[in-house]
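> Next up is a structure, given as structure tokens.
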Amino acid sequence: MPAPLPDAVALSGFLDLIPDPRGLRGRRYLLSALVSAVAASVLAGTRSLSAMTEWIADAPAWARRALGFPVDPLTGTVSVPHPQTLRRLLAQLDGDALDQAIGTFLAARAAPVPAGLRAIAVDGKVLRGSRTATAPAVTLLAAMDHTGNVLAQRQIADMSNEIPAFAPLLDTVDLSSTVITADALHTQHAHGAYLRTRGAHYIAVVKANHPGLLERVRRLPWPEIGLDQYERTHAHHRQEIRRLKTAAFAHIDYPNAQQALQIVRRRRDLATGKLTIERVYPITSLPPGAASEAQIAAWIKGHWKIENLLHHVRDRTFREDDSKIRTGHLPRIMAGLRNLAIGIHRQDDGSTSPPPYVTLPATATGP
């Protein structure tokens, strides 16, 4: 059995969450069958709409039956949708509902989560190829656990930013026993209060967007506080030393903040010899002793896995930034389908890339 088909068939059971944008008249194909077929083509390695429709057209009859396409009762033939049918449907599809179905499906097939706190990173990405003459580029906000599974994704409204989408994004995610990491843009009092209400902890980076809070944390007696974590690494033609200090601080002006942290990063470029020193000041709702200093340091560093394990893979493997798809919701829908492919392949074998383009065997008689 070719790998893409079983997952696409299993996904069809989760697609009932998606409202059908088509009119009642003239519906020849089930919504779940069309979306499952598109998902199977992306899992097989297709990168464009034309490649997706070609993959579906080339699929043998038994595969189309398994995906849910109708069978002619007289001839037994299985019809294939016209490419424009798929294009029109995907351009009108509700992207939030599709991402919710994909996130639920990936969570259902994932391995059991080990006991303890789970880290989830929240970050946005601009789909550069989606800009048109009348509309800005599409921006998506995603939540991904630090192992690489995309849990939720939401499109940012035009003329807005990531801040209003933070809580709606996480409303569909189980936040019990989690630690949320995000960049300084999401260090907002409302976000901190929301996460604590949902039972989640946070690690929030304090920068100049909160000058008063930053000044209070910076003026703590850090020289007198002992070193909690030291890490020395050598990679990417540079040497890096990371030092972490933690301080319990009961009067931080931020919802339920329990500790302030200082991270000092010293990086030396081995090619030029240039030395840079950076100081970062996160705060967290984790009380002292709830997690080791090494674990906190790993969570802070691991936040950027959302760039390496998701955004970078979509750009390099699926050539997302080079895409010229701009019609309707298509940029958003394609990003969700790529998240699905990345999530499935990573759950199965830990890889970050899909397999080579897969063609279903035309001589097969059944699954």
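In the structure tokens, chains take letters A, B, ... by order of appearance, with residues numbered from 1 within each chain and ligands from 1 in the order shown.
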So which residues touch Thr147 in chain A within 10 Å, counting only C-alpha atoms, skipping near sequence neighbours fewer than 6 positions away, as a VMD selection string?
chain A and resid 118 to 120 302 305 to 306 309 343 346 to 347 350
> So which one's closest to Pro81 in chain A, A:Met52, A:Ala115, A:Ala247, A:Ala108? Using only C-alpha atoms, please.
A:Met52
> Calculated over only C-alpha atoms, which of the candidates A:Thr272, A:Gln229, A:Ser323, A:Asn256 has the smallest distance to Gln295 in chain A?
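Residue with the minimum atom-to-atom distance to Gln295 in chain A: A:Gln229.
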> Using only C-alpha atoms, find the one residue out of A:Gln262, A:Pro282, A:Met144, A:Gly199 that sits nearest to Pro221 in chain A.
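Of the candidates, the smallest distance to Pro221 in chain A is held by A:Gln262.
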> Go through A:Pro4, A:Pro21, A:Pro70, A:Gly76 and flag the residue nearest Ala37 in chain A, using only C-alpha atoms for the distances.
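Nearest candidate to Ala37 in chain A out of A:Pro4, A:Pro21, A:Pro70, A:Gly76: A:Pro4.
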> For a test of reading the model, state the distance in Å between CA of Val206 in chain A and CA of Ala182 in chain A, rounded to one decimal.
10.8 Å
> Pick out the residues sitting within 10 Å of range 168-180 of chain A, and hand them over as a ChimeraX atom specification; count only C-alpha atoms, and ignore anything fewer than 3 positions along from it in its own chain.
/A:96,100,103-104,107,115-122,141-145,151-155,162,164-165,192,194-204,284-286,296,299-300,303
